[in-house]
>>> print(open('final.txt').read())   # compact mmCIF, C-alpha atoms (C1' of nucleotides)
# COMPACT_ATOMS: atom_id res chain seq x y z
CA MET A 1 -24.24 223.76 161.25
CA ASP A 2 -23.88 220.91 163.69
CA GLN A 3 -20.96 218.59 164.21
CA GLY A 4 -22.36 215.91 161.92
CA GLU A 5 -22.87 218.17 158.98
CA ALA A 6 -19.43 219.71 159.48
CA GLU A 7 -17.90 216.25 159.35
CA THR A 8 -19.76 215.39 156.16
CA ARG A 9 -18.78 218.60 154.44
CA LEU A 10 -15.17 218.19 155.52
CA LEU A 11 -15.02 214.65 154.21
CA ASP A 12 -16.69 215.67 150.95
CA ALA A 13 -14.13 218.41 150.41
CA ALA A 14 -11.26 216.19 151.54
CA GLU A 15 -12.26 213.42 149.18
CA GLU A 16 -12.48 215.68 146.17
CA LEU A 17 -9.21 217.46 146.89
CA PHE A 18 -7.13 214.59 148.25
CA TYR A 19 -8.19 212.27 145.47
CA GLY A 20 -8.00 214.87 142.72
CA ARG A 21 -4.72 216.56 143.57
CA GLY A 22 -2.97 214.33 146.06
CA ILE A 23 -2.80 214.36 149.84
CA GLN A 24 0.45 216.26 150.29
CA ALA A 25 -0.46 218.75 147.61
CA VAL A 26 -3.61 219.88 149.44
CA GLY A 27 -3.36 222.09 152.50
CA VAL A 28 -5.72 222.11 155.43
CA ASP A 29 -6.74 225.63 154.55
CA GLN A 30 -7.92 224.56 151.11
CA ILE A 31 -10.17 221.99 152.74
CA ARG A 32 -11.51 224.64 155.07
CA ALA A 33 -12.26 226.91 152.11
CA ALA A 34 -13.89 224.17 150.02
CA SER A 35 -15.98 222.85 152.90
CA GLY A 36 -17.06 226.17 154.40
CA VAL A 37 -16.21 224.79 157.83
CA SER A 38 -14.21 226.99 160.14
CA LEU A 39 -10.68 225.99 161.04
CA LYS A 40 -11.62 225.78 164.69
CA ARG A 41 -14.40 223.32 164.00
CA LEU A 42 -12.22 221.36 161.63
CA TYR A 43 -9.69 220.72 164.39
CA GLN A 44 -12.47 219.82 166.82
CA VAL A 45 -13.71 217.10 164.47
CA PHE A 46 -10.32 215.97 163.17
CA PRO A 47 -7.49 216.81 165.61
CA SER A 48 -4.88 216.65 162.87
CA LYS A 49 -4.57 216.41 159.12
CA ALA A 50 -3.49 212.79 159.51
CA ASP A 51 -6.83 212.04 161.20
CA LEU A 52 -8.68 213.66 158.34
CA VAL A 53 -6.70 211.62 155.84
CA LEU A 54 -7.56 208.42 157.69
CA ALA A 55 -11.25 209.32 157.79
CA TYR A 56 -11.15 210.14 154.08
CA LEU A 57 -9.62 206.76 153.28
CA ARG A 58 -12.04 204.86 155.50
CA ARG A 59 -15.14 206.49 154.05
CA ARG A 60 -13.88 206.05 150.50
CA ASP A 61 -13.12 202.42 151.23
CA ALA A 62 -16.70 201.75 152.36
CA ARG A 63 -18.30 203.69 149.52
CA TRP A 64 -16.07 202.29 146.80
CA LEU A 65 -16.69 198.71 147.77
CA ALA A 66 -20.40 199.32 148.20
CA ALA A 67 -20.59 200.78 144.70
CA LEU A 68 -18.73 197.85 143.18
CA THR A 69 -20.66 195.14 145.01
CA GLY A 70 -23.96 196.93 144.38
CA TYR A 71 -23.27 196.82 140.68
CA ALA A 72 -21.92 193.28 140.43
CA ASP A 73 -24.35 191.62 142.83
CA ALA A 74 -27.22 192.84 140.66
CA ARG A 75 -25.98 190.58 137.86
CA PRO A 76 -26.87 186.91 137.62
CA GLU A 77 -24.69 184.69 139.76
CA GLY A 78 -21.79 183.00 138.04
CA ASP A 79 -19.17 184.09 135.55
CA ALA A 80 -21.27 187.08 134.51
CA ARG A 81 -21.02 188.50 138.00
CA ILE A 82 -17.27 188.05 138.01
CA LEU A 83 -16.89 189.80 134.68
CA ALA A 84 -19.24 192.53 135.87
CA VAL A 85 -16.44 193.67 138.18
CA PHE A 86 -14.45 194.68 135.13
CA ASP A 87 -17.48 196.33 133.56
CA TRP A 88 -17.82 198.42 136.68
CA LEU A 89 -14.15 199.30 136.53
CA HIS A 90 -14.64 200.41 132.94
CA GLY A 91 -17.40 202.77 133.96
CA TRP A 92 -15.31 204.14 136.80
CA PHE A 93 -12.23 204.65 134.62
CA GLY A 94 -14.36 206.67 132.22
CA GLU A 95 -15.47 209.20 134.80
CA PRO A 96 -14.04 212.62 134.01
CA ASP A 97 -12.24 213.06 137.33
CA PHE A 98 -10.83 209.54 137.46
CA ARG A 99 -7.26 209.66 138.68
CA GLY A 100 -6.43 206.07 139.53
CA CYS A 101 -7.07 204.12 142.70
CA GLY A 102 -7.14 206.50 145.64
CA PHE A 103 -5.64 203.86 147.90
CA ILE A 104 -2.71 203.02 145.69
CA ASN A 105 -2.13 206.75 145.32
CA ALA A 106 -2.32 207.30 149.06
CA PHE A 107 0.03 204.40 149.67
CA ALA A 108 2.52 205.84 147.21
CA GLU A 109 2.32 209.23 148.87
CA ILE A 110 2.29 208.48 152.58
CA GLY A 111 2.56 204.71 152.90
CA ALA A 112 6.19 205.00 153.92
CA THR A 113 5.58 207.61 156.62
CA ASP A 114 2.04 206.96 157.90
CA PRO A 115 1.59 203.37 159.11
CA ALA A 116 -2.08 203.86 159.97
CA ALA A 117 -2.87 204.99 156.45
CA ALA A 118 -0.86 202.11 155.02
CA GLU A 119 -2.93 199.72 157.10
CA VAL A 120 -6.20 201.13 155.72
CA VAL A 121 -4.86 200.62 152.21
CA ARG A 122 -3.89 197.04 152.98
CA ALA A 123 -7.31 196.35 154.47
CA HIS A 124 -9.03 197.86 151.45
CA LYS A 125 -7.11 195.68 149.02
CA ALA A 126 -7.70 192.62 151.17
CA ALA A 127 -11.44 193.38 151.13
CA LEU A 128 -11.43 193.59 147.33
CA ARG A 129 -9.60 190.30 147.14
CA ASP A 130 -12.09 188.72 149.55
CA TYR A 131 -14.97 189.95 147.46
CA LEU A 132 -13.49 188.36 144.35
CA ALA A 133 -12.99 185.15 146.29
CA GLY A 134 -16.67 185.16 147.21
CA LEU A 135 -17.71 185.65 143.60
CA LEU A 136 -15.58 182.70 142.55
CA ARG A 137 -17.17 180.57 145.26
CA GLN A 138 -20.64 181.56 144.10
CA ALA A 139 -19.72 180.69 140.53
CA GLY A 140 -18.31 177.31 141.55
CA ARG A 141 -14.91 178.34 140.31
CA PRO A 142 -11.60 177.35 141.92
CA GLN A 143 -10.07 179.75 144.42
CA SER A 144 -6.83 179.55 142.49
CA LEU A 145 -8.31 182.19 140.19
CA VAL A 146 -8.55 184.81 142.93
CA ASP A 147 -5.03 186.11 142.63
CA PRO A 148 -4.95 186.32 138.83
CA LEU A 149 -8.24 188.21 138.78
CA PHE A 150 -7.09 190.51 141.56
CA LEU A 151 -3.82 191.27 139.79
CA LEU A 152 -5.68 192.02 136.56
CA ALA A 153 -7.96 194.45 138.38
CA GLU A 154 -5.03 196.16 140.10
CA GLY A 155 -3.08 196.40 136.88
CA ALA A 156 -6.09 197.85 135.10
CA MET A 157 -6.46 200.58 137.72
CA THR A 158 -2.89 201.81 137.49
CA THR A 159 -2.78 201.47 133.74
CA ALA A 160 -6.02 203.40 133.27
CA ALA A 161 -4.64 206.12 135.51
CA VAL A 162 -1.37 206.46 133.61
CA THR A 163 -2.83 206.20 130.12
CA GLY A 164 -5.94 208.23 130.91
CA SER A 165 -8.05 205.70 129.04
CA PRO A 166 -10.65 203.21 130.31
CA GLU A 167 -9.50 200.63 127.79
CA ALA A 168 -7.44 198.73 130.35
CA ALA A 169 -10.68 197.53 131.95
CA LEU A 170 -11.74 195.85 128.73
CA GLN A 171 -8.35 194.23 128.33
CA ALA A 172 -8.50 192.94 131.88
CA ARG A 173 -12.02 191.68 131.29
CA GLY A 174 -10.85 189.79 128.23
CA ALA A 175 -7.97 188.22 130.10
CA ALA A 176 -10.27 187.29 132.97
CA ALA A 177 -12.68 185.63 130.56
CA ALA A 178 -9.82 183.68 129.02
CA LEU A 179 -8.67 182.48 132.43
CA LEU A 180 -12.21 181.47 133.37
CA ALA A 181 -12.50 179.53 130.11
CA THR A 182 -9.47 177.40 131.00
CA ALA A 183 -10.62 176.40 134.46
CA MET R 1 34.66 217.26 142.39
CA ASP R 2 33.71 218.06 138.80
CA GLN R 3 30.30 218.63 137.33
CA GLY R 4 29.90 215.05 136.17
CA GLU R 5 30.63 213.51 139.52
CA ALA R 6 28.34 215.99 141.25
CA GLU R 7 25.53 214.99 138.93
CA THR R 8 26.09 211.31 139.61
CA ARG R 9 26.19 211.78 143.37
CA LEU R 10 23.07 213.94 143.26
CA LEU R 11 21.17 211.38 141.22
CA ASP R 12 22.33 208.57 143.49
CA ALA R 13 21.08 210.42 146.54
CA ALA R 14 17.89 211.53 144.81
CA GLU R 15 17.08 208.00 143.72
CA GLU R 16 17.55 206.52 147.16
CA LEU R 17 15.55 209.24 148.91
CA PHE R 18 12.82 209.91 146.34
CA TYR R 19 12.17 206.23 145.82
CA GLY R 20 12.47 205.27 149.45
CA ARG R 21 10.47 208.05 151.09
CA GLY R 22 8.55 209.78 148.31
CA ILE R 23 9.28 212.85 146.27
CA GLN R 24 7.30 215.40 148.24
CA ALA R 25 8.53 213.99 151.53
CA VAL R 26 12.19 214.65 150.67
CA GLY R 27 13.58 218.16 150.75
CA VAL R 28 16.34 219.53 148.58
CA ASP R 29 18.50 219.98 151.65
CA GLN R 30 18.32 216.29 152.47
CA ILE R 31 19.60 215.49 149.00
CA ARG R 32 22.41 217.97 149.47
CA ALA R 33 23.35 216.33 152.76
CA ALA R 34 23.16 212.79 151.39
CA SER R 35 25.13 213.61 148.25
CA GLY R 36 27.78 215.85 149.81
CA VAL R 37 27.25 218.29 146.96
CA SER R 38 26.92 221.94 147.86
CA LEU R 39 23.60 223.67 147.38
CA LYS R 40 25.16 226.10 144.92
CA ARG R 41 26.43 223.30 142.72
CA LEU R 42 23.17 221.42 143.02
CA TYR R 43 21.30 224.37 141.56
CA GLN R 44 23.92 224.76 138.83
CA VAL R 45 23.36 221.19 137.68
CA PHE R 46 19.61 221.04 138.30
CA PRO R 47 18.03 224.52 138.24
CA SER R 48 15.01 223.35 140.25
CA LYS R 49 13.80 220.41 142.26
CA ALA R 50 11.44 219.55 139.39
CA ASP R 51 14.46 219.18 137.08
CA LEU R 52 16.11 216.87 139.56
CA VAL R 53 12.94 214.80 139.81
CA LEU R 54 12.80 214.49 136.03
CA ALA R 55 16.43 213.43 135.83
CA TYR R 56 15.86 210.89 138.59
CA LEU R 57 12.92 209.40 136.72
CA ARG R 58 14.76 209.30 133.40
CA ARG R 59 17.83 207.60 134.80
CA ARG R 60 15.75 205.10 136.74
CA ASP R 61 13.75 204.39 133.60
CA ALA R 62 16.86 203.51 131.62
CA ARG R 63 18.44 201.44 134.40
CA TRP R 64 15.29 199.57 135.33
CA LEU R 65 14.56 198.50 131.79
CA ALA R 66 18.17 197.57 131.18
CA ALA R 67 18.15 195.36 134.27
CA LEU R 68 14.94 193.64 133.22
CA THR R 69 15.93 193.09 129.61
CA GLY R 70 19.43 192.02 130.62
CA TYR R 71 17.95 189.32 132.78
CA ALA R 72 15.24 188.11 130.42
CA ASP R 73 17.23 188.26 127.21
CA ALA R 74 19.78 185.87 128.74
CA ARG R 75 17.09 183.19 128.82
CA PRO R 76 16.29 180.98 125.83
CA GLU R 77 13.95 182.61 123.37
CA GLY R 78 10.29 181.69 123.65
CA ASP R 79 7.87 181.29 126.52
CA ALA R 80 10.72 180.91 128.99
CA ARG R 81 11.89 184.41 128.22
CA ILE R 82 8.41 185.78 128.72
CA LEU R 83 8.04 184.08 132.06
CA ALA R 84 11.51 185.27 133.02
CA VAL R 85 10.05 188.76 133.25
CA PHE R 86 8.02 187.61 136.24
CA ASP R 87 11.01 185.84 137.73
CA TRP R 88 12.89 189.10 137.55
CA LEU R 89 10.00 190.91 139.19
CA HIS R 90 10.07 188.34 141.98
CA GLY R 91 13.70 189.06 142.63
CA TRP R 92 13.07 192.78 142.59
CA PHE R 93 10.09 192.55 144.95
CA GLY R 94 12.25 190.66 147.41
CA GLU R 95 14.86 193.38 147.70
CA PRO R 96 14.86 194.87 151.19
CA ASP R 97 14.22 198.42 150.09
CA PHE R 98 11.53 197.55 147.53
CA ARG R 99 8.72 200.06 147.79
CA GLY R 100 6.69 199.49 144.63
CA CYS R 101 7.15 200.89 141.16
CA GLY R 102 8.88 204.24 141.38
CA PHE R 103 6.98 205.47 138.36
CA ILE R 104 3.55 204.57 139.62
CA ASN R 105 4.51 206.17 142.92
CA ALA R 106 5.74 209.31 141.20
CA PHE R 107 2.60 209.48 139.10
CA ALA R 108 0.45 209.19 142.20
CA GLU R 109 2.41 211.93 143.91
CA ILE R 110 2.98 214.52 141.23
CA GLY R 111 1.24 213.24 138.10
CA ALA R 112 -1.62 215.67 138.59
CA THR R 113 0.64 218.71 139.00
CA ASP R 114 3.78 217.99 136.95
CA PRO R 115 2.94 217.17 133.30
CA ALA R 116 6.59 216.55 132.37
CA ALA R 117 6.96 213.92 135.07
CA ALA R 118 3.66 212.35 134.05
CA GLU R 119 4.97 212.07 130.51
CA VAL R 120 8.12 210.25 131.66
CA VAL R 121 5.93 207.79 133.52
CA ARG R 122 3.75 207.21 130.46
CA ALA R 123 6.84 206.67 128.30
CA HIS R 124 8.29 204.24 130.81
CA LYS R 125 5.14 202.14 130.88
CA ALA R 126 4.88 202.24 127.10
CA ALA R 127 8.46 200.99 126.87
CA LEU R 128 7.70 198.09 129.18
CA ARG R 129 4.68 197.21 127.10
CA ASP R 130 6.76 197.39 123.92
CA TYR R 131 9.33 195.09 125.41
CA LEU R 132 6.65 192.53 126.25
CA ALA R 133 5.32 192.86 122.71
CA GLY R 134 8.78 192.07 121.36
CA LEU R 135 9.07 188.98 123.56
CA LEU R 136 5.73 187.70 122.28
CA ARG R 137 6.85 188.26 118.72
CA GLN R 138 10.06 186.34 119.35
CA ALA R 139 8.09 183.50 120.87
CA GLY R 140 5.69 183.39 117.95
CA ARG R 141 2.81 184.28 120.26
CA PRO R 142 -0.12 186.48 119.32
CA GLN R 143 0.08 190.16 120.16
CA SER R 144 -3.30 189.90 121.83
CA LEU R 145 -1.42 188.63 124.89
CA VAL R 146 0.50 191.87 125.36
CA ASP R 147 -2.13 193.67 127.38
CA PRO R 148 -2.98 190.78 129.70
CA LEU R 149 0.70 190.22 130.48
CA PHE R 150 1.28 193.92 130.99
CA LEU R 151 -1.69 194.20 133.35
CA LEU R 152 -0.49 191.21 135.35
CA ALA R 153 2.95 192.78 135.71
CA GLU R 154 1.48 196.11 136.78
CA GLY R 155 -0.89 194.48 139.22
CA ALA R 156 1.96 192.46 140.68
CA MET R 157 4.03 195.60 141.28
CA THR R 158 1.34 197.43 143.21
CA THR R 159 0.25 194.34 145.10
CA ALA R 160 3.79 193.49 146.13
CA ALA R 161 4.20 197.06 147.36
CA VAL R 162 1.03 197.05 149.45
CA THR R 163 1.42 193.55 150.86
CA GLY R 164 5.17 193.80 151.31
CA SER R 165 5.58 190.32 149.87
CA PRO R 166 7.12 189.15 146.60
CA GLU R 167 4.46 186.48 146.23
CA ALA R 168 2.44 188.52 143.75
CA ALA R 169 5.16 187.92 141.15
CA LEU R 170 4.67 184.17 141.40
CA GLN R 171 0.90 184.53 141.11
CA ALA R 172 1.32 186.73 138.05
CA ARG R 173 3.74 184.24 136.58
CA GLY R 174 1.26 181.46 137.06
CA ALA R 175 -1.52 183.44 135.42
CA ALA R 176 0.79 184.36 132.54
CA ALA R 177 1.67 180.71 132.02
CA ALA R 178 -2.02 179.79 132.00
CA LEU R 179 -2.75 182.45 129.39
CA LEU R 180 0.17 181.28 127.25
CA ALA R 181 -1.12 177.73 127.47
CA THR R 182 -4.47 178.73 125.97
CA ALA R 183 -3.08 180.56 122.95
C1' DC Q 1 53.68 237.59 147.49
C1' DT Q 2 49.68 239.31 145.35
C1' DC Q 3 45.90 239.01 142.93
C1' DG Q 4 41.26 237.39 140.50
C1' DG Q 5 38.30 233.90 140.23
C1' DT Q 6 36.08 229.67 141.83
C1' DG Q 7 33.48 226.81 144.99
C1' DG Q 8 31.80 225.36 149.48
C1' DA Q 9 29.35 226.39 153.88
C1' DG Q 10 25.62 228.07 155.54
C1' DA Q 11 22.76 232.26 156.64
C1' DG Q 12 18.85 234.36 154.79
C1' DC Q 13 14.55 235.06 151.92
C1' DG Q 14 9.67 234.83 151.07
C1' DA Q 15 6.10 231.64 150.87
C1' DA Q 16 3.44 227.88 152.52
C1' DC Q 17 2.63 224.50 155.79
C1' DG Q 18 -0.09 222.56 160.11
C1' DT Q 19 -1.81 224.31 164.15
C1' DT Q 20 -3.31 227.65 167.82
C1' DC Q 21 -4.99 231.99 169.51
C1' DT Q 22 -7.58 236.27 169.62
C1' DC Q 23 -11.17 238.95 168.60
C1' DT Q 24 -15.92 239.81 167.67
C1' DG Q 25 -20.57 239.30 167.07
C1' DA Q 26 -24.80 236.46 167.59
C1' DC Q 27 -27.72 233.96 170.57
C1' DG Q 28 -30.42 232.10 174.74
C1' DG Q 29 -31.73 232.25 179.63
C1' DT Q 30 -32.98 235.28 183.32
C1' DA P 1 -31.85 244.70 178.78
C1' DC P 2 -28.10 241.99 180.31
C1' DC P 3 -24.63 238.72 180.55
C1' DG P 4 -22.32 234.16 179.66
C1' DT P 5 -21.42 231.04 175.97
C1' DC P 6 -20.21 229.72 171.80
C1' DA P 7 -18.76 229.61 166.94
C1' DG P 8 -16.69 231.77 162.99
C1' DA P 9 -13.15 234.70 160.77
C1' DG P 10 -8.80 235.14 160.27
C1' DA P 11 -4.38 236.81 162.40
C1' DA P 12 -0.45 234.78 164.30
C1' DC P 13 2.93 231.15 165.45
C1' DG P 14 6.79 228.25 164.66
C1' DT P 15 8.58 225.30 161.26
C1' DT P 16 9.88 223.83 156.86
C1' DC P 17 10.12 224.42 152.08
C1' DG P 18 12.61 225.73 147.56
C1' DC P 19 15.83 228.80 146.38
C1' DT P 20 19.37 232.83 146.58
C1' DC P 21 22.90 235.34 148.59
C1' DT P 22 27.00 236.41 151.37
C1' DC P 23 31.19 235.40 152.96
C1' DC P 24 35.58 233.40 153.13
C1' DA P 25 39.13 229.77 152.16
C1' DC P 26 41.57 228.18 148.49
C1' DC P 27 44.47 228.14 144.15
C1' DG P 28 46.98 228.88 139.83
C1' DA P 29 49.01 232.96 137.12
C1' DG P 30 51.81 236.92 137.16
>>> encode(input="final.txt", output="structure tokens")
Amino acid sequence: MDQGEAETRLLDAAEELFYGRGIQAVGVDQIRAASGVSLKRLYQVFPSKADLVLAYLRRRDARWLAALTGYADARPEGDARILAVFDWLHGWFGEPDFRGCGFINAFAEIGATDPAAAEVVRAHKAALRDYLAGLLRQAGRPQSLVDPLFLLAEGAMTTAAVTGSPEAALQARGAAAALLATA
Amino acid sequence: MDQGEAETRLLDAAEELFYGRGIQAVGVDQIRAASGVSLKRLYQVFPSKADLVLAYLRRRDARWLAALTGYADARPEGDARILAVFDWLHGWFGEPDFRGCGFINAFAEIGATDPAAAEVVRAHKAALRDYLAGLLRQAGRPQSLVDPLFLLAEGAMTTAAVTGSPEAALQARGAAAALLATA
DNA sequence: CTCGGTGGAGAGCGAACGTTCTCTGACGGT
DNA sequence: ACCGTCAGAGAACGTTCGCTCTCCACCGAG
């Protein structure tokens, strides 16, 4: 096993455990066991748990946004593409291991004590907001709708997590459609 | 110091520390030090840290909702009272020690491992939703607006936490007003 | 003054944490 | 065949955790 594969396996294990059970609730040794990577190698690749957490957040950020944009950008430009964001959320919320937004969760857990992690969360949310802004531009819609749509998406994520139901995505989609109809 | 005062001082310390730094990040001994209550008494009143966490969540639930409803119900019945919810959020977000919704934070931290705490969070969010439903009824507005307004409020809470700015409350208020204008 | 009981201070317990160290066995070049 | 290098397994380290226990100062009743 070379360094690259070790890193991949570590991040795979970290993502599943950190996202599924929480960052503080998962010990380094559990990640070693789940990844099959030795502790020595783990600390060569990620000098501390905080580094591993950062790498987990950064990779999840890239993948999550790529999945969303890949889905939405395949829809016809315009309002349909905007609403597709909420369709994608609905599919995500329905996944069996869905446990809310990993970034909001990470911020709640370590945002107060790990400034670097907090910054990754902020950047992730800013990127989502920017993506929505781009969709509105493509659709010829006013930028004043960015914040309402963003808040609806954020609210849907936390609500779906707490209720354990994907329904919040449909409610957010309906509200988004209503707001688009007024503009 | 009698049992009642010990409980109050413990909950005061727990609320400040759990909310401000996170539940897992705060040890029982820190709560003992901050409250001035002996460890022996602490464990008489709350047999485990999990019990203390539950009591913290329950008291915060009651107080938070009382503060919100006390503010909004003082406004004239109708749309103004609905929008007052977002005004109250704006004031809350601006408090210096604001760190997001304590219930969303708690759910992110221990929701996966502490079912009792998760249930308190669910009940708290259901109560907020019910309150919004009552305001809509008073205002003669359709109940179909409950979920959009709730999602906007939730989204505003997490966004204000991540950005560190109370602005999200104003954006949510604007979106709520737009939705009310369409119905 | 002498007790019995109560409560606080803090030492101590076992477990778990993040991190480092030691041992051992496999491998590649000569 | 030999030796140096390296990586993996996991023991060990120091700290911190939630929680319990020990000890002693205090206090009202007799």
>>> residues_around(input="final.txt", residues="Phe150 in chain A", least_positions_apart="2", cutoff="8 Å", atoms="all atoms listed in the file", output="JSON, numbers by chain")
{"A": [128, 129, 132, 146, 147, 148, 152, 153, 154], "R": [155]}
>>> interface_residues(input="final.txt", of="chain P", to="chain R", cutoff="10 Å", atoms="all atoms listed in the file", output="ChimeraX atom specification")
/P:16-20
>>> atom_distance(input="final.txt", atom1="CA of Glu95 in chain R", atom2="CA of Pro166 in chain R")
8.9 Å
>>> interface_residues(input="final.txt", of="chain R", to="chain Q", cutoff="12 Å", atoms="all atoms listed in the file", output="list in words")
Met1, Asp2, Gln3, Asp29, Arg32, Ala33, Gly36, Val37, Ser38, Leu39, Lys40, Arg41, Leu42 and Gln44 of chain R
>>> interface_residues(input="final.txt", of="chain R", to="chain A", cutoff="8 Å", atoms="only C-alpha atoms", output="ChimeraX atom specification")
/R:20-22,24,104-110,112-113,118,121-122,147-148,150-156,158-159,162-163,168,171-172,175,178-179,182
>>> atom_distance(input="final.txt", atom1="CA of Leu135 in chain A", atom2="CA of Arg60 in chain A")
21.9 Å
>>> atom_distance(input="final.txt", atom1="CA of Ala14 in chain R", atom2="CA of Ser35 in chain R")
8.3 Å
>>> build_atoms(input="final.txt", residues="range 170-182 of chain A", atoms="N, CA and C atoms", output="CSV table (one decimal), in the frame of the given file")
chain,number,residue,atom,x,y,z
A,170,LEU,N,-11.3,196.8,129.7
A,170,LEU,CA,-11.7,195.8,128.7
A,170,LEU,C,-10.7,194.8,128.5
A,171,GLN,N,-9.4,195.2,128.5
A,171,GLN,CA,-8.4,194.2,128.3
A,171,GLN,C,-8.3,193.3,129.5
A,172,ALA,N,-8.5,193.8,130.7
A,172,ALA,CA,-8.5,192.9,131.9
A,172,ALA,C,-9.7,192.0,131.8
A,173,ARG,N,-10.8,192.5,131.4
A,173,ARG,CA,-12.0,191.7,131.3
A,173,ARG,C,-11.8,190.5,130.3
A,174,GLY,N,-11.1,190.8,129.2
A,174,GLY,CA,-10.8,189.8,128.2
A,174,GLY,C,-9.9,188.7,128.8
A,175,ALA,N,-8.9,189.2,129.5
A,175,ALA,CA,-8.0,188.2,130.1
A,175,ALA,C,-8.7,187.4,131.2
A,176,ALA,N,-9.5,188.0,131.9
A,176,ALA,CA,-10.3,187.3,133.0
A,176,ALA,C,-11.2,186.2,132.3
A,177,ALA,N,-11.8,186.6,131.2
A,177,ALA,CA,-12.7,185.6,130.6
A,177,ALA,C,-11.9,184.5,130.0
A,178,ALA,N,-10.7,184.8,129.5
A,178,ALA,CA,-9.8,183.7,129.0
A,178,ALA,C,-9.4,182.7,130.1
A,179,LEU,N,-9.1,183.3,131.3
A,179,LEU,CA,-8.7,182.5,132.4
A,179,LEU,C,-9.8,181.6,132.9
A,180,LEU,N,-11.0,182.2,132.9
A,180,LEU,CA,-12.2,181.5,133.4
A,180,LEU,C,-12.5,180.3,132.4
A,181,ALA,N,-12.2,180.6,131.1
A,181,ALA,CA,-12.5,179.5,130.1
A,181,ALA,C,-11.6,178.3,130.3
A,182,THR,N,-10.4,178.5,130.9
A,182,THR,CA,-9.5,177.4,131.0
A,182,THR,C,-9.8,176.5,132.2
